[in-house]
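J.: There's a structure below that I have some questions on.
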Amino acid sequence: MKAKIFQIIALFFLFSCTGKPETKLEDWTQISELLKYREDSGDLILHSGASAYRLPLAELPFKKVVLLNASLVGYFTELGLEDRIIGISSPEYIYSPRVQALINNRSILNVGNEQKYNVEKIIALKPDAVFTNRIATFSSTYDLLEKNGIPVIFLDEYLEKEPLSRSRYLLLIGKLMGMERKAAGKFMDIKKTYDSLALLVSGEKTRPVVLANEMYGSQWYLPGGQSMTAHFIRDAGGSYINTGSKGAGAEVRSFEEVFSKSQNARIWVNAGNHQSRGDLLQANPNYSKMEVFRSGKIYTVTQKERGRSNDYFESGVVRADLVLKDYIMIFHPDLLPGYNLTYLKELK
């Protein structure tokens with residue numbers, strides 16, 4: 001307690017003497033509005049969402065980590081860091097063949113699932129850190145891990161609105177894992193390709209009207225006009241039916257509202273994980289009333305699906321350039337002759 005008080009007094013003295021903020025904005029590596037980091041006095045200061053961390057640089061790079069979300073696996077596979085993962089939750093949702101091989105030979109252990117994590121096993125593994133999206137119902141689990149000296153680092157990449165912001169998380173993973181140069185190179189390659197693809201379609205005068213997502217029960221969760229999906233559609237040269245919305249998340253709409261908005265749509269993307277139009281119609285017979293269903297093209301995100309895993313939600317989180325390329329191929333196929341879709345698949 002005395003040490004804590006002394007730290008507070010010392011910080012107050014520092015600010016009083018300098019009369020300046022502790023750091024300048026340019027001292028930070030700004031990943032997005034949600035994520036930034038910098039070095040300070042032998043520590044790495046990390047701000048991720050509502051969480052703040054001070055990680056001793058002497059304890060970096062991390063050599064062994066536990067991942068509690070499949071969406072985070074893509075960053076490690078992109079950097080060739082599969083052998084740093086020692087524990088993972090819900091392995092049936094992991095697409096990476098390399099990670100699956102390590103799970104099969106027990107180099108990576110199953111530490112539970114989204115219903116319950118095996119805290120004792122995680123503690124026994126003694127990871128340098130646990131990476132996860134923050135889930136409020138697991139607060140006691142996170143507290144227990146931290147009480148046992150295991151940092152729990154929350155990375156909420158799924159809240160990002162812009163495609164390249166999610167890809168830029170590579171820089172943080174590279175920093176924490178001692179792969180900064182490789183991470184920077186990977187991200188610059190992704191950004192360069194993404195930007196060149198967006199430029200390729202920028203002069204297209206024809207922009208097909210696009211519908212996205214599907215109904216769940218009686219509600220259609222339509223991506224907002226500032227959402228990740230909306231950004232992809234715009235950058236790929238499409239005209240999104242909900243582009244006027246200011247929302248960044250999914251907006252609940254009735255079938256009638258979406259039906260009215262999508263009268264001119266001829267392309268429907270991210271239509272779940274159905275295997276045929278018949279399956280889609282069985283999920284909701286009302287789709288047959290939509291012109292886009294009767295005469296348009298429909299695409300799911302199942303091109304790289306195996307069992308319960310789907311690489312669109314793994315490597316696709318990182319490879320914004322490949323996702324954009326898929327959308328461009330769908331909206332403006334003449335621009336990418338001979339290209340085969342990576343993540344999206346036409347529904348027959």
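Letters A, B, ... mark the chains of the structure tokens in the order given; residue numbers begin at 1 per chain; ligand numbers begin at 1, in order shown.
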From range 63-274 of chain A, collect each residue whose DSSP state is alpha helix (DSSP H) and return the set as a ChimeraX atom specification.
T.: /A:73-78,97-104,119-125,139-147,163-167,169-177,180-202,228-235,255-261
J.: Please run DSSP on the backbone and report, as an MDAnalysis selection string, all residues within range 117-240 of chain A that come out as strand (DSSP E or B).
T.: chainID A and resid 117 129:132 152:154 209:212 215:216 219:223 239:240
J.: Using N, CA and C atoms, can you write the selected residues to a file as a short mmCIF file (atom, residue, chain, number, x, y, z; two decimals), in the first residue's frame?
T.:
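Now in part.cif:
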data_model
loop_
_atom_site.label_atom_id
_atom_site.label_comp_id
_atom_site.auth_asym_id
_atom_site.auth_seq_id
_atom_site.Cartn_x
_atom_site.Cartn_y
_atom_site.Cartn_z
N TYR A 117 -14.68 -21.81 -19.38
CA TYR A 117 -13.26 -22.02 -19.59
C TYR A 117 -12.70 -22.86 -18.44
N ALA A 129 0.54 -14.69 -21.32
CA ALA A 129 -0.65 -13.84 -21.41
C ALA A 129 -1.81 -14.64 -21.99
N VAL A 130 -3.01 -14.17 -21.72
CA VAL A 130 -4.22 -14.69 -22.33
C VAL A 130 -4.82 -13.57 -23.17
N PHE A 131 -5.15 -13.88 -24.43
CA PHE A 131 -5.78 -12.91 -25.32
C PHE A 131 -7.24 -13.30 -25.51
N THR A 132 -8.12 -12.31 -25.44
CA THR A 132 -9.54 -12.61 -25.60
C THR A 132 -10.33 -11.34 -25.91
N VAL A 152 -4.44 -10.71 -18.71
CA VAL A 152 -5.53 -10.98 -19.65
C VAL A 152 -5.68 -9.74 -20.52
N ILE A 153 -5.35 -9.88 -21.80
CA ILE A 153 -5.33 -8.74 -22.72
C ILE A 153 -6.57 -8.80 -23.60
N PHE A 154 -7.40 -7.78 -23.47
CA PHE A 154 -8.64 -7.72 -24.23
C PHE A 154 -8.40 -6.99 -25.55
N VAL A 209 -26.61 -2.17 -56.65
CA VAL A 209 -27.26 -2.03 -55.35
C VAL A 209 -27.13 -3.34 -54.59
N VAL A 210 -26.70 -3.25 -53.32
CA VAL A 210 -26.32 -4.45 -52.56
C VAL A 210 -27.11 -4.55 -51.25
N LEU A 211 -27.59 -5.75 -50.98
CA LEU A 211 -28.23 -6.10 -49.72
C LEU A 211 -27.25 -6.96 -48.91
N ALA A 212 -27.33 -6.90 -47.58
CA ALA A 212 -26.41 -7.69 -46.76
C ALA A 212 -27.13 -8.36 -45.59
N MET A 215 -32.20 -12.67 -42.07
CA MET A 215 -33.08 -12.60 -40.92
C MET A 215 -32.74 -13.68 -39.89
N TYR A 216 -32.95 -13.34 -38.63
CA TYR A 216 -32.87 -14.30 -37.54
C TYR A 216 -34.19 -14.21 -36.80
N GLN A 219 -36.49 -10.90 -37.21
CA GLN A 219 -35.74 -9.65 -37.34
C GLN A 219 -34.57 -9.78 -38.30
N TRP A 220 -34.36 -8.72 -39.05
CA TRP A 220 -33.22 -8.65 -39.98
C TRP A 220 -32.18 -7.75 -39.35
N TYR A 221 -30.99 -8.32 -39.12
CA TYR A 221 -29.91 -7.53 -38.52
C TYR A 221 -29.10 -6.90 -39.65
N LEU A 222 -29.54 -5.72 -40.05
CA LEU A 222 -28.97 -5.04 -41.21
C LEU A 222 -27.77 -4.19 -40.77
N PRO A 223 -26.59 -4.41 -41.36
CA PRO A 223 -25.43 -3.61 -40.98
C PRO A 223 -25.68 -2.12 -41.18
N SER A 239 -23.30 -0.07 -54.11
CA SER A 239 -24.20 0.91 -53.50
C SER A 239 -25.04 0.18 -52.45
N TYR A 240 -24.71 0.39 -51.21
CA TYR A 240 -25.34 -0.34 -50.11
C TYR A 240 -26.71 0.25 -49.79
#
J.: Determine, using only C-alpha atoms, which residues of range 37-119 of chain A have any atom at most 10 Å from an atom of range 170-175 of chain A, and tabulate each with its shortest atom pair and distance in Å to one decimal place, rows ordered by chain and then rising number, as a Markdown table.
T.:
| residue | atom | partner | partner_atom | distance |
| --- | --- | --- | --- | --- |
| A:Tyr37 | CA | A:Leu172 | CA | 7.8 |
| A:Leu44 | CA | A:Lys175 | CA | 9.3 |
| A:Leu46 | CA | A:Leu172 | CA | 9.2 |
| A:Leu60 | CA | A:Lys175 | CA | 8.5 |
| A:Pro61 | CA | A:Lys175 | CA | 7.5 |
| A:Phe62 | CA | A:Lys175 | CA | 9.5 |
| A:Leu72 | CA | A:Ile173 | CA | 9.8 |
| A:Gly74 | CA | A:Leu170 | CA | 9.4 |
| A:Tyr75 | CA | A:Leu170 | CA | 5.9 |
| A:Phe76 | CA | A:Ile173 | CA | 7.7 |
| A:Glu78 | CA | A:Leu170 | CA | 8.4 |
| A:Leu79 | CA | A:Gly174 | CA | 7.8 |
| A:Leu81 | CA | A:Gly174 | CA | 9.7 |
J.: Please write the residues from the selection above to a file, keeping N, CA and C atoms, as a compact mmCIF listing (two decimals), in the first residue's frame.
T.:
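Below you can see again_28.txt, which holds the result:
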# COMPACT_ATOMS: atom_id res chain seq x y z
N TYR A 37 -0.65 2.08 -28.32
CA TYR A 37 0.39 1.68 -27.38
C TYR A 37 1.63 2.55 -27.56
N LEU A 44 5.70 -1.20 -21.66
CA LEU A 44 4.84 -0.97 -22.81
C LEU A 44 3.47 -0.58 -22.26
N LEU A 46 -0.30 0.06 -22.93
CA LEU A 46 -1.29 -0.38 -23.92
C LEU A 46 -2.68 0.05 -23.47
N LEU A 60 8.83 -9.08 -22.38
CA LEU A 60 8.47 -9.28 -23.78
C LEU A 60 9.71 -9.73 -24.54
N PRO A 61 9.55 -10.46 -25.64
CA PRO A 61 8.28 -10.88 -26.24
C PRO A 61 7.65 -12.05 -25.49
N PHE A 62 6.34 -12.19 -25.65
CA PHE A 62 5.65 -13.35 -25.10
C PHE A 62 6.07 -14.59 -25.88
N LEU A 72 -8.93 -14.20 -33.18
CA LEU A 72 -7.58 -13.75 -32.88
C LEU A 72 -6.52 -14.67 -33.47
N GLY A 74 -6.15 -15.62 -36.48
CA GLY A 74 -5.66 -15.14 -37.77
C GLY A 74 -4.42 -14.28 -37.67
N TYR A 75 -4.30 -13.49 -36.62
CA TYR A 75 -3.12 -12.63 -36.45
C TYR A 75 -1.87 -13.47 -36.22
N PHE A 76 -2.01 -14.54 -35.47
CA PHE A 76 -0.86 -15.40 -35.16
C PHE A 76 -0.46 -16.24 -36.37
N GLU A 78 -0.95 -15.39 -39.50
CA GLU A 78 -0.40 -14.48 -40.50
C GLU A 78 1.08 -14.21 -40.24
N LEU A 79 1.48 -14.22 -38.97
CA LEU A 79 2.87 -13.96 -38.60
C LEU A 79 3.68 -15.24 -38.37
N LEU A 81 3.15 -17.56 -36.08
CA LEU A 81 3.38 -17.71 -34.64
C LEU A 81 2.54 -18.83 -34.03
J.: Write out as a PyMOL selection string which residues come within 6 Å of range 304-306 of chain A when counting only C-alpha atoms, dropping same-chain ones fewer than 4 positions away.
T.: chain A and resi 310-311+343
J.: Enumerate, in order of chain and increasing residue number, the residues of range 217-319 of chain A with an atom no farther than 10 Å from range 326-332 of chain A, each with its shortest atom pair and distance in Å to one decimal, counting only C-alpha atoms, as CSV.
T.:
residue,atom,partner,partner_atom,distance
A:Phe232,CA,A:Tyr327,CA,7.5
A:Ile233,CA,A:Tyr327,CA,6.9
A:Arg234,CA,A:Tyr327,CA,9.7
A:Asp235,CA,A:Ile328,CA,8.5
A:Ala236,CA,A:Ile328,CA,4.8
A:Gly237,CA,A:Phe331,CA,6.9
A:Gly238,CA,A:Phe331,CA,6.4
A:Ser239,CA,A:Phe331,CA,9.7
A:Arg266,CA,A:Phe331,CA,9.9
A:Ile267,CA,A:Phe331,CA,7.9
A:Trp268,CA,A:Ile330,CA,10.0
A:Val269,CA,A:Tyr327,CA,8.6
A:Lys297,CA,A:Ile330,CA,8.8
A:Ile298,CA,A:Ile330,CA,9.7
A:Tyr299,CA,A:Ile330,CA,8.8
J.: Those same residues, written as an mmCIF file, in the first residue's frame with N, CA and C atoms?
T.:
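Result written to out16.cif:
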data_model
loop_
_atom_site.group_PDB
_atom_site.id
_atom_site.type_symbol
_atom_site.label_atom_id
_atom_site.label_comp_id
_atom_site.auth_asym_id
_atom_site.auth_seq_id
_atom_site.Cartn_x
_atom_site.Cartn_y
_atom_site.Cartn_z
ATOM 1 N N PHE A 232 -16.737 -2.082 -46.683
ATOM 2 C CA PHE A 232 -16.292 -3.007 -47.729
ATOM 3 C C PHE A 232 -17.089 -2.790 -49.016
ATOM 4 N N ILE A 233 -18.413 -2.706 -48.878
ATOM 5 C CA ILE A 233 -19.256 -2.556 -50.060
ATOM 6 C C ILE A 233 -18.942 -1.258 -50.797
ATOM 7 N N ARG A 234 -18.793 -0.171 -50.076
ATOM 8 C CA ARG A 234 -18.466 1.116 -50.718
ATOM 9 C C ARG A 234 -17.102 1.054 -51.402
ATOM 10 N N ASP A 235 -16.094 0.522 -50.691
ATOM 11 C CA ASP A 235 -14.748 0.473 -51.259
ATOM 12 C C ASP A 235 -14.664 -0.454 -52.463
ATOM 13 N N ALA A 236 -15.583 -1.411 -52.543
ATOM 14 C CA ALA A 236 -15.599 -2.357 -53.663
ATOM 15 C C ALA A 236 -16.462 -1.869 -54.826
ATOM 16 N N GLY A 237 -17.017 -0.665 -54.705
ATOM 17 C CA GLY A 237 -17.788 -0.118 -55.809
ATOM 18 C C GLY A 237 -19.230 -0.550 -55.831
ATOM 19 N N GLY A 238 -19.789 -0.812 -54.658
ATOM 20 C CA GLY A 238 -21.196 -1.161 -54.565
ATOM 21 C C GLY A 238 -21.993 -0.041 -53.936
ATOM 22 N N SER A 239 -23.305 -0.069 -54.111
ATOM 23 C CA SER A 239 -24.203 0.907 -53.501
ATOM 24 C C SER A 239 -25.038 0.181 -52.450
ATOM 25 N N ARG A 266 -29.682 -6.158 -56.632
ATOM 26 C CA ARG A 266 -29.505 -7.325 -57.494
ATOM 27 C C ARG A 266 -28.388 -8.232 -56.989
ATOM 28 N N ILE A 267 -27.755 -7.806 -55.898
ATOM 29 C CA ILE A 267 -26.708 -8.617 -55.275
ATOM 30 C C ILE A 267 -26.974 -8.657 -53.774
ATOM 31 N N TRP A 268 -26.849 -9.847 -53.218
ATOM 32 C CA TRP A 268 -27.104 -10.065 -51.786
ATOM 33 C C TRP A 268 -25.872 -10.770 -51.230
ATOM 34 N N VAL A 269 -25.166 -10.132 -50.296
ATOM 35 C CA VAL A 269 -23.937 -10.709 -49.738
ATOM 36 C C VAL A 269 -24.122 -11.071 -48.271
ATOM 37 N N LYS A 297 -28.081 -12.248 -57.625
ATOM 38 C CA LYS A 297 -27.022 -13.167 -57.204
ATOM 39 C C LYS A 297 -26.894 -13.094 -55.680
ATOM 40 N N ILE A 298 -26.728 -14.252 -55.063
ATOM 41 C CA ILE A 298 -26.664 -14.345 -53.608
ATOM 42 C C ILE A 298 -25.345 -15.013 -53.209
ATOM 43 N N TYR A 299 -24.701 -14.454 -52.196
ATOM 44 C CA TYR A 299 -23.404 -14.977 -51.763
ATOM 45 C C TYR A 299 -23.376 -15.197 -50.248
#
J.: Mind pulling up the distance from CA of Ala101 in chain A to CA of Lys121 in chain A?
T.: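 Interatomic distance here is 20.2 Å.
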J.: As a PyMOL selection string, please: the residues near Val301 in chain A (cut-off 10 Å, only C-alpha atoms, same-chain neighbours under 5 positions excluded).
T.: chain A and resi 269-274+310-313+342-347
J.: May I ask which of the residues A:Lys186, A:Ser89, A:Gly296, A:Tyr194 is the closest one to Arg277 in chain A, counting only C-alpha atoms?
T.: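 Under the stated criterion, the closest residue is A:Gly296.
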J.: Identify which of the residues A:Met188, A:Val99, A:Leu341, A:Ala250 lies closest to Arg168 in chain A, counting only C-alpha atoms when measuring atom-to-atom distances.
T.: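 Among the listed residues, A:Met188 lies closest to Arg168 in chain A.
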J.: Can you pull out every residue within 10 Å of Lys116 in chain A, counting only C-alpha atoms, but drop anything in the same chain fewer than 2 positions away, and send it as a list in words?
T.: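 After dropping sequence-adjacent residues, the list is Ser89, Val111, Gly112, Asn113, Glu114, Asn118, Val119, Phe138 and Thr141 of chain A.
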J.: Per residue of range 290-323 of chain A within 7 Å of range 155-166 of chain A, note the shortest atom pair and the distance in Å to one decimal, counting only C-alpha atoms, and order the rows by chain and increasing residue number, as CSV.
T.:
residue,atom,partner,partner_atom,distance
A:Val317,CA,A:Arg166,CA,6.6
A:Val318,CA,A:Arg166,CA,6.3
A:Ala320,CA,A:Pro163,CA,5.6
J.: Quick one: of A:Gly338, A:Gly87, A:Gly42, A:Pro333, who's nearest to Glu204 in chain A, counting only C-alpha atoms?
T.: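 Of all the options, A:Pro333 lies closest to Glu204 in chain A.
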